[in-house]
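Everything below concerns the one structure shown next.
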Amino acid sequence: MDFKNTARKFFTSAEDDEREEQYTGPRIVKTGHLNIMVRTPRSFTDVRAYADSLMAGSAILVSFEAVDATLKNRIFDYLNGVSYIVSASVEYISDDLLMYAPAQVTVAKEKGVKRSTGLGSWLGK
């Protein structure tokens, strides 16, 4: 018998042990946390690391303010492809800001004043 079991017997009663053995429901072992990466790509080579992080379960907030329209569309297409493969969601924040969130993350946005044209500006419409 190890020290952990000896200490448990010392501090708990037999009734507590019986209740613990009877419980078969889910147990929370460790609370999770979410890593949110805020990134501003300067070139397309930066984006591969963002995709790896998204596939590893991190959420990514991507600011497109430092790239031109052609590179913006290329990065957008690449990260959307990765998001499709890993079942991540893509949330429009503003014309130069998108959030890529893993499937296990729910993104809730408050309704506010619409200040932009939406995704049409991404597609050149």
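Residues are referred to by chain and number: the chain letter is A, B, ... according to the order shown in the structure tokens, the number counts from 1 in that chain, and ligands are numbered separately from 1 in the order shown.
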
Q) Using only C-alpha atoms, which residues sit within 9 Å of segment 50-57 of chain A once same-chain residues fewer than 4 positions away are excluded, as a list in words? A)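 Everything that qualifies: Leu34, Asn35, Met37, Arg39, Asp46, Val62, Tyr78, Leu79, Val82, Ser83, Ile85, Val86, Ala88, Tyr100, Ala101, Pro102, Ala103 and Gln104 of chain A.
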
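Contact shell of Leu71 of chain A at 12 Å (only C-alpha atoms; same-chain neighbours under 4 positions omitted): Pro41, Arg42, Ser43, Phe44, Thr45, Asp46, Val47, Phe64, Glu65, Ala66, Val67, Ile75, Phe76, Asp77, Tyr78 and Trp122 of chain A.
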
Residue subset to file, keeping N, CA and C atoms, as a short mmCIF file (atom, residue, chain, number, x, y, z; two decimals), in the first residue's frame:
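The resulting file, again-v9.cif, is shown below:
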```cif
data_model
loop_
_atom_site.label_atom_id
_atom_site.label_comp_id
_atom_site.auth_asym_id
_atom_site.auth_seq_id
_atom_site.Cartn_x
_atom_site.Cartn_y
_atom_site.Cartn_z
N PRO A 41 0.73 38.80 -40.09
CA PRO A 41 1.69 38.25 -41.06
C PRO A 41 2.32 39.35 -41.91
N ARG A 42 3.57 39.17 -42.22
CA ARG A 42 4.30 40.09 -43.11
C ARG A 42 4.56 39.44 -44.47
N SER A 43 4.60 38.09 -44.46
CA SER A 43 4.79 37.34 -45.71
C SER A 43 4.03 36.02 -45.59
N PHE A 44 3.94 35.31 -46.71
CA PHE A 44 3.20 34.05 -46.71
C PHE A 44 3.90 32.99 -45.87
N THR A 45 5.21 33.07 -45.72
CA THR A 45 5.94 32.06 -44.94
C THR A 45 5.57 32.10 -43.46
N ASP A 46 5.07 33.21 -42.98
CA ASP A 46 4.64 33.30 -41.58
C ASP A 46 3.41 32.44 -41.30
N VAL A 47 2.62 32.21 -42.32
CA VAL A 47 1.30 31.60 -42.14
C VAL A 47 1.37 30.11 -41.82
N PHE A 64 -4.62 41.56 -40.89
CA PHE A 64 -4.10 41.63 -42.25
C PHE A 64 -3.67 43.04 -42.64
N GLU A 65 -3.42 43.89 -41.68
CA GLU A 65 -3.12 45.29 -41.98
C GLU A 65 -1.75 45.49 -42.63
N ALA A 66 -0.83 44.54 -42.51
CA ALA A 66 0.52 44.72 -43.01
C ALA A 66 0.76 44.08 -44.38
N VAL A 67 -0.29 43.54 -45.01
CA VAL A 67 -0.12 42.88 -46.31
C VAL A 67 -1.01 43.52 -47.36
N ILE A 75 -3.41 34.34 -48.12
CA ILE A 75 -3.39 33.89 -46.73
C ILE A 75 -4.79 33.46 -46.29
N PHE A 76 -5.79 34.25 -46.66
CA PHE A 76 -7.18 33.94 -46.36
C PHE A 76 -7.57 32.56 -46.89
N ASP A 77 -7.24 32.29 -48.16
CA ASP A 77 -7.56 31.00 -48.78
C ASP A 77 -6.84 29.85 -48.07
N TYR A 78 -5.57 30.03 -47.76
CA TYR A 78 -4.79 28.98 -47.11
C TYR A 78 -5.35 28.66 -45.72
N TRP A 122 -13.27 41.07 -48.88
CA TRP A 122 -12.20 40.07 -48.97
C TRP A 122 -12.13 39.49 -50.38
#
```

(Q) Between atom CA of Ile36 of chain A and atom CA of Ile60 of chain A, what is the distance in Å, rounded to a tenth? (A)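 It comes out at 5.6 Å.
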
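The two atoms in question, atom CA of Ala49 of chain A and atom CA of Arg74 of chain A, are spaced 15.3 Å apart.
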
Q.
Considering only C-alpha atoms, can you say which of A:Val38, A:Ala108, A:Leu98, A:Ser58 comes closest to Asn80 of chain A?
A.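 Among A:Val38, A:Ala108, A:Leu98, A:Ser58, it is A:Leu98 that comes nearest to Asn80 of chain A.
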